[in-house]
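Asks: Sharing upload_30.txt (compact mmCIF, C-alpha atoms and all ligand atoms) below.
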```
# COMPACT_ATOMS: atom_id res chain seq x y z
CA MET A 1 19.67 131.51 13.68
CA SER A 2 20.30 128.91 11.08
CA THR A 3 21.01 130.33 7.66
CA GLU A 4 20.53 126.99 5.97
CA GLY A 5 17.35 125.41 4.79
CA PRO A 6 14.17 127.15 3.84
CA THR A 7 13.37 130.49 5.33
CA PRO A 8 9.84 131.74 5.73
CA GLU A 9 10.43 133.71 2.53
CA ASN A 10 11.32 130.84 0.26
CA GLU A 11 9.31 128.06 1.74
CA ALA A 12 6.39 126.53 -0.07
CA ALA A 13 3.83 126.42 2.70
CA GLU A 14 0.86 124.92 0.95
CA PRO A 15 -0.57 122.11 3.05
CA GLY A 16 -0.02 118.78 1.40
CA ASP A 17 2.81 120.09 -0.72
CA GLY A 18 5.55 117.48 -0.92
CA GLY A 19 3.39 114.39 -0.67
CA GLU A 20 1.24 112.74 1.92
CA TRP A 21 2.53 113.25 5.42
CA SER A 22 2.39 109.56 6.20
CA ASP A 23 4.63 108.86 3.21
CA ARG A 24 7.02 111.48 4.46
CA LEU A 25 6.92 110.04 7.95
CA PHE A 26 7.55 106.53 6.67
CA GLY A 27 10.25 107.86 4.38
CA GLY A 28 11.73 109.90 7.17
CA PHE A 29 11.76 107.07 9.61
CA ARG A 30 13.10 104.67 7.05
CA LYS A 31 16.62 105.47 8.14
CA THR A 32 15.72 104.82 11.77
CA SER A 33 14.01 101.53 10.99
CA GLU A 34 16.79 100.53 8.61
CA ARG A 35 19.26 101.11 11.37
CA LEU A 36 17.24 99.05 13.82
CA THR A 37 16.54 96.20 11.44
CA GLY A 38 20.12 96.40 10.13
CA ASN A 39 21.44 96.12 13.67
CA LEU A 40 19.13 93.18 14.28
CA ALA A 41 19.97 91.45 11.03
CA GLY A 42 21.74 88.17 11.50
CA ILE A 43 20.70 87.95 15.13
CA VAL A 44 17.16 86.82 14.65
CA GLY A 45 15.87 84.18 12.33
CA LYS A 46 16.55 80.99 14.25
CA ALA A 47 13.84 78.85 15.69
CA ARG A 48 14.31 79.90 19.25
CA LEU A 49 15.88 82.93 20.89
CA ASP A 50 18.65 81.99 23.31
CA ASP A 51 20.25 84.28 25.86
CA ALA A 52 23.13 85.23 23.59
CA GLN A 53 20.69 86.27 20.87
CA LEU A 54 18.62 88.24 23.37
CA ASP A 55 21.80 90.01 24.49
CA ASP A 56 22.64 90.83 20.89
CA ILE A 57 19.13 92.15 20.28
CA GLU A 58 19.39 94.32 23.38
CA ASP A 59 22.71 95.73 22.14
CA ALA A 60 21.24 96.37 18.71
CA LEU A 61 18.34 98.29 20.25
CA ILE A 62 20.76 100.41 22.27
CA MET A 63 22.85 101.08 19.17
CA SER A 64 19.65 102.23 17.48
CA ASP A 65 19.28 105.00 20.08
CA LEU A 66 16.32 103.45 21.91
CA GLY A 67 18.27 103.69 25.16
CA PRO A 68 19.24 101.03 27.70
CA ARG A 69 15.95 101.03 29.59
CA ALA A 70 13.71 100.57 26.58
CA ALA A 71 16.16 97.98 25.22
CA ALA A 72 16.07 96.02 28.49
CA ARG A 73 12.30 96.18 28.54
CA ILE A 74 11.99 94.90 24.98
CA ARG A 75 14.54 92.16 25.70
CA GLU A 76 12.50 91.05 28.67
CA ARG A 77 9.34 90.85 26.59
CA LEU A 78 11.11 88.88 23.88
CA ALA A 79 12.53 86.55 26.53
CA GLU A 80 9.02 85.91 27.83
CA GLU A 81 7.81 85.07 24.34
CA ARG A 82 10.84 82.91 23.56
CA PHE A 83 9.44 82.07 20.17
CA GLU A 84 9.45 78.34 20.57
CA ARG A 85 7.83 78.28 17.14
CA ASP A 86 7.54 80.80 14.33
CA ALA A 87 10.59 82.77 15.33
CA ASP A 88 10.87 84.62 12.10
CA GLU A 89 12.08 88.17 11.96
CA ARG A 90 8.61 89.55 11.32
CA ALA A 91 7.21 87.90 14.46
CA ILE A 92 10.03 89.34 16.50
CA MET A 93 9.58 92.81 15.06
CA GLU A 94 5.87 92.58 15.87
CA VAL A 95 6.80 92.09 19.52
CA VAL A 96 9.34 94.92 19.33
CA ALA A 97 6.69 97.23 17.82
CA ARG A 98 4.13 96.22 20.44
CA GLU A 99 6.53 96.99 23.25
CA ILE A 100 7.62 100.31 21.72
CA ALA A 101 3.93 101.25 21.40
CA GLU A 102 3.46 100.42 25.11
CA ILE A 103 6.28 102.83 25.92
CA LEU A 104 5.01 105.60 23.63
CA ARG A 105 1.28 105.42 24.33
CA PRO A 106 1.30 106.98 27.80
CA VAL A 107 3.24 110.05 26.61
CA ALA A 108 1.15 110.87 23.54
CA LYS A 109 -0.63 114.09 24.41
CA PRO A 110 -1.57 116.78 21.90
CA LEU A 111 -1.14 120.38 22.91
CA ASP A 112 -4.70 121.52 23.46
CA VAL A 113 -5.84 125.08 23.95
CA VAL A 114 -7.82 124.75 27.15
CA ALA A 115 -6.73 127.62 29.39
CA PHE A 116 -9.42 129.65 31.02
CA PRO A 117 -9.20 132.55 31.23
CA ARG A 118 -7.46 132.98 27.91
CA PRO A 119 -4.80 133.29 26.66
CA GLN A 120 -3.02 129.99 27.06
CA VAL A 121 0.63 130.91 27.39
CA ILE A 122 3.01 128.44 25.79
CA LEU A 123 6.70 128.98 26.45
CA VAL A 124 8.85 127.32 23.83
CA ILE A 125 12.36 126.47 24.91
CA GLY A 126 15.30 124.65 23.35
CA VAL A 127 18.81 125.20 22.06
CA ASN A 128 19.44 127.34 19.01
CA GLY A 129 19.14 125.34 15.83
CA SER A 130 16.82 122.72 17.31
CA GLY A 131 14.04 123.95 15.06
CA LYS A 132 12.40 126.13 17.70
CA THR A 133 11.39 129.03 15.47
CA THR A 134 10.06 126.76 12.75
CA THR A 135 8.16 124.73 15.33
CA ILE A 136 6.56 127.87 16.75
CA ALA A 137 5.38 128.78 13.25
CA LYS A 138 4.08 125.25 12.69
CA LEU A 139 2.26 125.29 16.03
CA ALA A 140 0.70 128.65 15.24
CA HIS A 141 -0.47 127.24 11.92
CA LEU A 142 -1.91 124.15 13.61
CA PHE A 143 -3.86 126.33 16.06
CA GLN A 144 -5.06 128.58 13.25
CA GLU A 145 -6.42 125.53 11.48
CA GLN A 146 -8.43 124.84 14.64
CA ASP A 147 -9.76 128.41 14.50
CA TYR A 148 -7.84 129.65 17.49
CA ALA A 149 -6.58 133.21 17.57
CA VAL A 150 -2.80 133.05 17.95
CA MET A 151 -0.16 135.58 18.92
CA LEU A 152 3.61 135.22 18.95
CA ALA A 153 6.05 136.83 21.37
CA ALA A 154 9.70 137.27 20.44
CA GLY A 155 11.20 136.42 23.81
CA ASP A 156 14.63 135.65 22.36
CA THR A 157 15.87 139.21 22.41
CA PHE A 158 19.48 138.08 22.43
CA ARG A 159 19.76 138.01 18.65
CA ALA A 160 18.15 140.43 16.21
CA ALA A 161 18.00 137.60 13.68
CA ALA A 162 15.80 135.52 15.99
CA ILE A 163 13.36 138.40 16.34
CA GLY A 164 13.43 138.99 12.59
CA GLN A 165 12.84 135.35 11.70
CA LEU A 166 9.83 135.12 14.01
CA ALA A 167 8.44 138.40 12.66
CA VAL A 168 8.64 137.07 9.09
CA TRP A 169 6.73 133.96 10.13
CA ALA A 170 4.12 136.08 11.94
CA GLU A 171 3.56 138.17 8.85
CA ARG A 172 3.36 135.14 6.63
CA LEU A 173 0.85 133.45 8.91
CA GLY A 174 -1.06 136.67 9.48
CA VAL A 175 -0.75 136.50 13.25
CA PRO A 176 0.16 139.41 15.55
CA ILE A 177 3.59 139.47 17.15
CA VAL A 178 4.92 141.34 20.16
CA LYS A 179 8.62 142.06 20.04
CA GLY A 180 11.13 144.30 21.72
CA PRO A 181 14.52 145.67 20.76
CA GLU A 182 17.55 143.41 20.43
CA GLY A 183 19.12 143.10 23.86
CA GLY A 184 15.86 144.15 25.53
CA ASP A 185 14.37 142.45 28.54
CA PRO A 186 12.56 139.25 27.46
CA ALA A 187 10.34 139.40 30.54
CA SER A 188 9.07 142.81 29.52
CA VAL A 189 8.29 141.54 26.00
CA VAL A 190 6.35 138.67 27.55
CA PHE A 191 4.54 141.04 29.91
CA ASP A 192 3.47 143.26 27.01
CA ALA A 193 2.48 140.22 24.98
CA VAL A 194 0.20 138.78 27.67
CA LYS A 195 -1.51 142.13 28.11
CA ALA A 196 -1.97 142.55 24.36
CA ALA A 197 -3.17 138.97 23.99
CA THR A 198 -5.69 139.43 26.79
CA ASP A 199 -6.96 142.70 25.29
CA GLN A 200 -7.27 141.17 21.83
CA GLY A 201 -9.01 137.99 22.93
CA ILE A 202 -6.14 135.76 21.83
CA ASP A 203 -6.52 132.04 22.56
CA ALA A 204 -2.88 130.94 22.39
CA LEU A 205 0.19 133.05 23.00
CA ILE A 206 3.34 131.26 21.84
CA VAL A 207 6.53 132.64 23.34
CA ASP A 208 9.95 132.15 21.79
CA THR A 209 12.82 132.11 24.26
CA ALA A 210 16.60 132.21 24.09
CA GLY A 211 18.47 128.93 23.86
CA ARG A 212 21.94 129.74 25.10
CA LEU A 213 22.81 126.59 26.93
CA GLN A 214 26.45 127.57 27.24
CA ASN A 215 25.31 130.18 29.70
CA LYS A 216 23.13 128.10 31.94
CA ARG A 217 22.95 130.52 34.85
CA GLU A 218 21.84 133.44 32.69
CA LEU A 219 19.32 131.31 30.87
CA MET A 220 17.93 130.03 34.14
CA ASP A 221 17.63 133.58 35.52
CA GLU A 222 16.01 134.79 32.33
CA LEU A 223 13.42 132.00 32.24
CA ALA A 224 12.77 132.36 35.96
CA LYS A 225 12.11 136.08 35.47
CA ILE A 226 9.73 135.36 32.58
CA ARG A 227 7.90 132.91 34.81
CA ARG A 228 7.67 135.43 37.65
CA VAL A 229 6.29 138.13 35.39
CA LEU A 230 3.80 135.71 33.86
CA GLY A 231 2.74 134.49 37.27
CA ARG A 232 1.91 138.03 38.31
CA LEU A 233 -0.46 138.40 35.37
CA ASN A 234 -1.94 134.94 35.64
CA PRO A 235 -0.94 132.45 38.35
CA GLU A 236 -1.59 129.59 35.90
CA ALA A 237 0.85 130.91 33.31
CA PRO A 238 2.90 129.60 31.64
CA HIS A 239 0.40 126.85 30.96
CA ASP A 240 2.92 124.89 28.91
CA VAL A 241 6.70 124.83 28.76
CA VAL A 242 7.47 122.97 25.58
CA LEU A 243 10.99 121.79 24.92
CA VAL A 244 11.93 121.46 21.26
CA LEU A 245 14.46 118.71 20.61
CA ASP A 246 16.37 117.89 17.46
CA ALA A 247 16.25 114.13 16.85
CA THR A 248 19.45 114.25 14.84
CA ASN A 249 21.27 114.94 18.11
CA GLY A 250 20.53 111.39 19.23
CA GLN A 251 21.47 110.79 22.84
CA ASN A 252 22.41 114.47 23.28
CA ALA A 253 18.73 115.26 23.02
CA LEU A 254 18.34 113.38 26.30
CA SER A 255 20.93 115.48 28.10
CA GLN A 256 19.09 118.54 26.85
CA ILE A 257 15.93 117.29 28.56
CA GLU A 258 17.95 116.90 31.74
CA ILE A 259 19.36 120.44 31.55
CA PHE A 260 16.14 122.18 30.53
CA LYS A 261 14.20 120.37 33.23
CA GLU A 262 16.62 121.91 35.66
CA VAL A 263 16.75 125.44 34.22
CA ALA A 264 13.17 125.87 33.07
CA GLY A 265 10.92 123.02 34.09
CA VAL A 266 9.51 121.19 31.09
CA SER A 267 5.86 120.22 30.66
CA GLY A 268 6.15 118.54 27.29
CA LEU A 269 8.28 117.81 24.26
CA ILE A 270 8.21 118.29 20.53
CA MET A 271 10.85 116.35 18.65
CA THR A 272 11.86 117.78 15.30
CA LYS A 273 13.77 116.57 12.27
CA LEU A 274 12.52 113.02 12.55
CA ASP A 275 12.54 112.95 8.79
CA GLY A 276 15.85 111.91 7.36
CA THR A 277 17.64 110.90 10.55
CA ALA A 278 18.66 107.41 11.60
CA ARG A 279 18.44 108.53 15.21
CA GLY A 280 14.65 108.62 15.58
CA GLY A 281 14.93 105.84 18.17
CA VAL A 282 15.82 108.55 20.67
CA LEU A 283 12.12 109.34 20.81
CA VAL A 284 11.57 105.98 22.48
CA ALA A 285 14.45 106.59 24.87
CA ALA A 286 13.02 109.99 25.81
CA ALA A 287 9.57 108.52 26.42
CA GLU A 288 10.91 105.66 28.51
CA GLN A 289 13.35 107.70 30.57
CA TYR A 290 11.39 110.86 31.23
CA GLY A 291 7.73 110.07 30.66
CA LEU A 292 7.17 113.67 29.59
CA PRO A 293 4.23 114.26 27.27
CA ILE A 294 5.19 114.29 23.60
CA HIS A 295 2.90 116.77 21.90
CA ALA A 296 3.88 116.42 18.28
CA ILE A 297 6.74 115.56 15.97
CA GLY A 298 8.46 117.54 13.23
CA VAL A 299 8.87 115.64 9.99
CA GLY A 300 10.02 118.34 7.62
CA GLU A 301 10.67 122.00 7.05
CA LYS A 302 7.27 123.01 5.76
CA ILE A 303 4.59 124.75 7.76
CA ASP A 304 2.34 121.69 7.86
CA ASP A 305 5.14 119.31 8.82
CA LEU A 306 4.23 119.21 12.50
CA ARG A 307 2.39 115.97 13.03
CA PRO A 308 0.30 114.46 15.80
CA PHE A 309 2.15 111.87 17.78
CA ASN A 310 0.59 108.54 16.87
CA PRO A 311 2.29 105.95 19.11
CA ASP A 312 1.02 102.79 17.44
CA LEU A 313 1.88 103.95 13.96
CA LEU A 314 5.27 105.27 15.02
CA ALA A 315 6.13 102.04 16.81
CA ARG A 316 5.42 100.04 13.65
CA VAL A 317 7.37 102.50 11.51
CA ILE A 318 10.38 102.32 13.82
CA ALA A 319 10.22 98.52 13.83
CA GLY A 320 10.03 98.59 10.03
CA ILE A 321 6.67 96.84 9.77
CA ALA A 322 4.29 99.73 9.07
N1 LIG K 401 14.24 118.30 8.09
C1 LIG K 401 13.71 119.07 9.04
N2 LIG K 401 14.22 120.29 9.26
C2 LIG K 401 13.67 121.07 10.21
C3 LIG K 401 12.59 120.62 11.00
N3 LIG K 401 12.28 121.61 11.88
C4 LIG K 401 13.13 122.63 11.62
N4 LIG K 401 13.98 122.32 10.62
C5 LIG K 401 15.07 123.12 10.04
O1 LIG K 401 16.07 123.28 11.01
C6 LIG K 401 16.73 124.53 10.84
C7 LIG K 401 16.73 125.29 12.17
O2 LIG K 401 15.39 125.62 12.46
P1 LIG K 401 15.02 126.95 13.25
O3 LIG K 401 13.56 126.89 13.42
O4 LIG K 401 15.64 128.15 12.64
O5 LIG K 401 15.72 126.60 14.61
P2 LIG K 401 15.89 127.44 15.91
O6 LIG K 401 15.96 126.47 17.03
O7 LIG K 401 14.91 128.52 16.00
O8 LIG K 401 17.32 127.94 15.64
P3 LIG K 401 17.88 129.37 15.72
O9 LIG K 401 17.05 130.14 14.75
O10 LIG K 401 19.29 129.16 15.29
O11 LIG K 401 17.70 129.74 17.13
C8 LIG K 401 15.99 125.24 9.74
O12 LIG K 401 16.71 125.06 8.54
C9 LIG K 401 14.65 124.52 9.67
O13 LIG K 401 14.07 124.57 8.40
C10 LIG K 401 12.08 119.30 10.76
O14 LIG K 401 11.15 118.78 11.40
N5 LIG K 401 12.68 118.58 9.76
```
Would you put the structure from the file into structure tokens?

Replies:
Amino acid sequence: MSTEGPTPENEAAEPGDGGEWSDRLFGGFRKTSERLTGNLAGIVGKARLDDAQLDDIEDALIMSDLGPRAAARIRERLAEERFERDADERAIMEVVAREIAEILRPVAKPLDVVAFPRPQVILVIGVNGSGKTTTIAKLAHLFQEQDYAVMLAAGDTFRAAAIGQLAVWAERLGVPIVKGPEGGDPASVVFDAVKAATDQGIDALIVDTAGRLQNKRELMDELAKIRRVLGRLNPEAPHDVVLVLDATNGQNALSQIEIFKEVAGVSGLIMTKLDGTARGGVLVAAAEQYGLPIHAIGVGEKIDDLRPFNPDLLARVIAGIA
């Protein structure tokens, strides 16, 4: 459990507090777009893009965390355009934004509560410190705003602090929580939670899980057991397995996708901490390489800082032309 940053106790959770979200998103992504435009500076601006310039642009895109595949794709598009005329930086960034939007659009998919019978069981996975607990609270808040009945399950029984942190959020949000003792069996917590959620007519049950990547085998066994237990109660469950990624990890976020796909299966992503990092380009790399749905993005520490994933807007923000 992170001891830094706001805790549920000291956080100002009023929606809208801290400025308009779009301002915060633009502000947050400023570092990412500055990095991209900074890396591109001096390359573009001539009347026509030659191969050397295209190579330099491709390198700059890779250095901006967009990943080799997205970079190659954008290079190809720029090469097609060639910019015989009007090759100013703005025109080039328009093409970059258009191509990034093409990459992001197919993966934009909000997390909808659609399971029938209820509850929809959403397993939330990710390494410790990725923003998992905060994201669970933000998701619960989002669902509450849509008038869904939400329940939390403290499936990370490994650390008492993880259980405690989730319980504080539950109380603050006014949602029920099912928890067990520290060191208890996560699968039994999840079992109890599904039964309680079913009895209480809960729409969405959000399950926290342990994030001990250093012990891959144990984590895999634990998640597999949770899945087995869930499957016995409802063959459709878990309906979602959402991996929370910390954008500040840059390319490491991608290896986490790789590992969690293997240990848990992943149905979708939420990327956090996109405010204030220069590494937001990794979102594009993740979309291009894995094609996994991106449900939402985290742009701050407050309860309403989980935002819908708007591919066209994000593409323009990343390219610095929003
Ligand atoms: N700037 C920013 N900070 C965030 C965001 N999401 C979470 N955080 C912060 O990141 C830190 C870790 O978040 P937690 O939710 O505790 O992360 P966790 O993955 O549950 O980590 P453990 O509790 O250590 O397992 C906290 O200080 C959060 O306030 C975000 O979108 N932006």

Asks: Separation of CA of Thr198 (chain A) and CA of Arg118 (chain A), in Å?

Replies: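 Taking CA of Thr198 (chain A) as the start and CA of Arg118 (chain A) as the end point, the length is 6.8 Å.
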
Asks: Counting all atoms listed in the file, which residues come within 8 Å of (-4.3, 128.1, 27.3), with the point read in the file's coordinates, and could you list them as a VMD selection string?

Replies: chain A and resid 112 to 122 203 to 205 239

Asks: Restricting the calculation to all atoms listed in the file: of A:Val190, A:Leu166, A:Val96, A:Leu78, which residue gets closest to ligand LIG 401 (chain K)?

Replies: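 Smallest separation from ligand LIG 401 (chain K) among the options: A:Leu166.
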
Asks: Sorted by chain and rising residue number, list the residues of chain A at most 8 Å from ligand LIG 401 (chain K) (counting all atoms listed in the file), each with its closest atom pair and distance in Å to one decimal, as a Markdown table.

Replies:
```
| residue | atom | partner | partner_atom | distance |
| --- | --- | --- | --- | --- |
| A:Met1 | CA | K:LIG401 | O10 | 2.9 |
| A:Ser2 | CA | K:LIG401 | O10 | 4.3 |
| A:Thr3 | CA | K:LIG401 | O12 | 6.9 |
| A:Glu4 | CA | K:LIG401 | O12 | 5.0 |
| A:Gly5 | CA | K:LIG401 | O12 | 3.8 |
| A:Pro6 | CA | K:LIG401 | O13 | 5.2 |
| A:Thr7 | CA | K:LIG401 | O13 | 6.7 |
| A:Gly126 | CA | K:LIG401 | O6 | 6.6 |
| A:Val127 | CA | K:LIG401 | O6 | 5.9 |
| A:Asn128 | CA | K:LIG401 | O11 | 3.5 |
| A:Gly129 | CA | K:LIG401 | O8 | 3.2 |
| A:Ser130 | CA | K:LIG401 | O6 | 3.9 |
| A:Gly131 | CA | K:LIG401 | O5 | 3.2 |
| A:Lys132 | CA | K:LIG401 | O6 | 3.6 |
| A:Thr133 | CA | K:LIG401 | O7 | 3.6 |
| A:Thr134 | CA | K:LIG401 | O3 | 3.6 |
| A:Thr135 | CA | K:LIG401 | O3 | 6.1 |
| A:Ile136 | CA | K:LIG401 | O3 | 7.8 |
| A:Ala161 | CA | K:LIG401 | O9 | 7.6 |
| A:Ala162 | CA | K:LIG401 | O9 | 5.7 |
| A:Gln165 | CA | K:LIG401 | O9 | 7.4 |
| A:Ala210 | CA | K:LIG401 | O11 | 7.5 |
| A:Gly211 | CA | K:LIG401 | O11 | 6.8 |
| A:Val244 | CA | K:LIG401 | O6 | 7.7 |
| A:Asp246 | CA | K:LIG401 | N3 | 7.9 |
| A:Met271 | CA | K:LIG401 | O14 | 7.7 |
| A:Thr272 | CA | K:LIG401 | O14 | 4.1 |
| A:Lys273 | CA | K:LIG401 | N5 | 3.4 |
| A:Leu274 | CA | K:LIG401 | O14 | 6.0 |
| A:Asp275 | CA | K:LIG401 | N1 | 5.7 |
| A:Gly276 | CA | K:LIG401 | N1 | 6.6 |
| A:Ile297 | CA | K:LIG401 | O14 | 7.1 |
| A:Gly298 | CA | K:LIG401 | O14 | 3.5 |
| A:Val299 | CA | K:LIG401 | O14 | 4.1 |
| A:Gly300 | CA | K:LIG401 | N5 | 3.4 |
| A:Glu301 | CA | K:LIG401 | C2 | 4.5 |
| A:Lys302 | CA | K:LIG401 | O13 | 7.5 |
| A:Asp305 | CA | K:LIG401 | O14 | 6.6 |
| A:Leu306 | CA | K:LIG401 | O14 | 7.0 |
```

Asks: Leaving out Arg316 (chain A) and any residue of its chain fewer than 4 positions from it, which residues lie within 9 Å of it when counting all atoms listed in the file, given as a compact mmCIF listing (two decimals) with C-alpha atoms, keeping the file's coordinate frame?

Replies:
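Full text of part27.txt as output:
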```
# COMPACT_ATOMS: atom_id res chain seq x y z
CA MET A 93 9.58 92.81 15.06
CA GLU A 94 5.87 92.58 15.87
CA VAL A 96 9.34 94.92 19.33
CA ALA A 97 6.69 97.23 17.82
CA ARG A 98 4.13 96.22 20.44
CA ILE A 100 7.62 100.31 21.72
CA ALA A 101 3.93 101.25 21.40
CA PRO A 311 2.29 105.95 19.11
CA ASP A 312 1.02 102.79 17.44
CA GLY A 320 10.03 98.59 10.03
CA ILE A 321 6.67 96.84 9.77
CA ALA A 322 4.29 99.73 9.07
```

Asks: Would you please work out which residue, of A:Leu313, A:Gly250, A:Met151, A:Val263, is nearest to Ala170 (chain A) when using all atoms listed in the file?

Replies: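 So, comparing all the options, the nearest one is A:Met151.
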
Asks: So which one's closest to Pro110 (chain A), A:Thr277, A:Ser267, A:Gln251, A:Gln144? Using only C-alpha atoms, please.

Replies: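 The shortest atom-to-atom distance to Pro110 (chain A) comes from A:Ser267.
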
Asks: CA of Leu139 (chain A) and CA of Val242 (chain A), how far apart in Å?

Replies: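 About the pair CA of Val242 (chain A) and CA of Leu139 (chain A): they are 11.1 Å apart.
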
Asks: At most 8 Å from (-3.9, 131.4, 10.1), file frame, all atoms listed in the file: which residues, as a list in words?

Replies: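 Counting all atoms listed in the file, I find these residues within 8 Å of (-3.9, 131.4, 10.1): Ala140, His141, Phe143, Gln144, Glu145, Asp147, Leu173, Gly174 and Val175 of chain A.
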
Asks: Just to be explicit: take each residue in the selection above, keep C-alpha atoms, and write the result as a CSV table (one decimal), keeping the file's coordinate frame.

Replies:
```csv
chain,number,residue,atom,x,y,z
A,140,ALA,CA,0.7,128.6,15.2
A,141,HIS,CA,-0.5,127.2,11.9
A,143,PHE,CA,-3.9,126.3,16.1
A,144,GLN,CA,-5.1,128.6,13.2
A,145,GLU,CA,-6.4,125.5,11.5
A,147,ASP,CA,-9.8,128.4,14.5
A,173,LEU,CA,0.8,133.4,8.9
A,174,GLY,CA,-1.1,136.7,9.5
A,175,VAL,CA,-0.8,136.5,13.2
```

Asks: Mind pulling up the distance from CA of Pro308 (chain A) to CA of Gln146 (chain A)?

Replies: 13.6 Å

Asks: Have a look at A:Arg307, A:Arg279, A:Gln200, A:Tyr290 and name the one nearest to Asp65 (chain A); count all atoms listed in the file.

Replies: A:Arg279

Asks: As an mmCIF file, in the coordinates of the input, please: region 200-220 of chain A completed to N, CA and C atoms.

Replies:
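Output below, filename selection17.cif:
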```
data_model
loop_
_atom_site.group_PDB
_atom_site.id
_atom_site.type_symbol
_atom_site.label_atom_id
_atom_site.label_comp_id
_atom_site.auth_asym_id
_atom_site.auth_seq_id
_atom_site.Cartn_x
_atom_site.Cartn_y
_atom_site.Cartn_z
ATOM 1 N N GLN A 200 -6.807 141.515 23.198
ATOM 2 C CA GLN A 200 -7.270 141.170 21.830
ATOM 3 C C GLN A 200 -8.008 139.841 21.770
ATOM 4 N N GLY A 201 -8.255 139.242 22.913
ATOM 5 C CA GLY A 201 -9.010 137.990 22.930
ATOM 6 C C GLY A 201 -8.278 136.826 22.259
ATOM 7 N N ILE A 202 -6.964 136.829 22.426
ATOM 8 C CA ILE A 202 -6.140 135.760 21.830
ATOM 9 C C ILE A 202 -6.329 134.456 22.618
ATOM 10 N N ASP A 203 -6.389 133.345 21.899
ATOM 11 C CA ASP A 203 -6.520 132.040 22.560
ATOM 12 C C ASP A 203 -5.160 131.485 22.998
ATOM 13 N N ALA A 204 -4.191 131.547 22.089
ATOM 14 C CA ALA A 204 -2.880 130.940 22.390
ATOM 15 C C ALA A 204 -1.762 131.923 22.108
ATOM 16 N N LEU A 205 -0.981 132.180 23.149
ATOM 17 C CA LEU A 205 0.190 133.050 23.000
ATOM 18 C C LEU A 205 1.430 132.160 23.040
ATOM 19 N N ILE A 206 2.162 132.136 21.923
ATOM 20 C CA ILE A 206 3.340 131.260 21.840
ATOM 21 C C ILE A 206 4.588 132.126 21.981
ATOM 22 N N VAL A 207 5.390 131.784 22.987
ATOM 23 C CA VAL A 207 6.530 132.640 23.340
ATOM 24 C C VAL A 207 7.844 131.967 22.982
ATOM 25 N N ASP A 208 8.599 132.613 22.110
ATOM 26 C CA ASP A 208 9.950 132.150 21.790
ATOM 27 C C ASP A 208 10.879 132.573 22.931
ATOM 28 N N THR A 209 11.862 131.761 23.209
ATOM 29 C CA THR A 209 12.820 132.110 24.260
ATOM 30 C C THR A 209 14.236 131.846 23.757
ATOM 31 N N ALA A 210 15.200 132.412 24.479
ATOM 32 C CA ALA A 210 16.600 132.210 24.090
ATOM 33 C C ALA A 210 17.018 130.773 24.381
ATOM 34 N N GLY A 211 18.022 130.314 23.662
ATOM 35 C CA GLY A 211 18.470 128.930 23.860
ATOM 36 C C GLY A 211 19.959 128.820 24.081
ATOM 37 N N ARG A 212 20.477 129.737 24.890
ATOM 38 C CA ARG A 212 21.940 129.740 25.100
ATOM 39 C C ARG A 212 22.325 128.803 26.232
ATOM 40 N N LEU A 213 22.503 127.570 25.876
ATOM 41 C CA LEU A 213 22.810 126.590 26.930
ATOM 42 C C LEU A 213 24.192 126.781 27.522
ATOM 43 N N GLN A 214 25.084 127.385 26.731
ATOM 44 C CA GLN A 214 26.450 127.570 27.240
ATOM 45 C C GLN A 214 26.474 128.529 28.424
ATOM 46 N N ASN A 215 25.380 129.279 28.553
ATOM 47 C CA ASN A 215 25.310 130.180 29.700
ATOM 48 C C ASN A 215 24.093 129.825 30.544
ATOM 49 N N LYS A 216 24.264 128.713 31.244
ATOM 50 C CA LYS A 216 23.130 128.100 31.940
ATOM 51 C C LYS A 216 22.524 129.010 33.006
ATOM 52 N N ARG A 217 23.413 129.663 33.754
ATOM 53 C CA ARG A 217 22.950 130.520 34.850
ATOM 54 C C ARG A 217 22.066 131.652 34.324
ATOM 55 N N GLU A 218 22.586 132.323 33.271
ATOM 56 C CA GLU A 218 21.840 133.440 32.690
ATOM 57 C C GLU A 218 20.503 132.985 32.131
ATOM 58 N N LEU A 219 20.547 131.836 31.462
ATOM 59 C CA LEU A 219 19.320 131.310 30.870
ATOM 60 C C LEU A 219 18.303 130.993 31.964
ATOM 61 N N MET A 220 18.803 130.392 33.020
ATOM 62 C CA MET A 220 17.930 130.030 34.140
ATOM 63 C C MET A 220 17.296 131.290 34.740
#
```
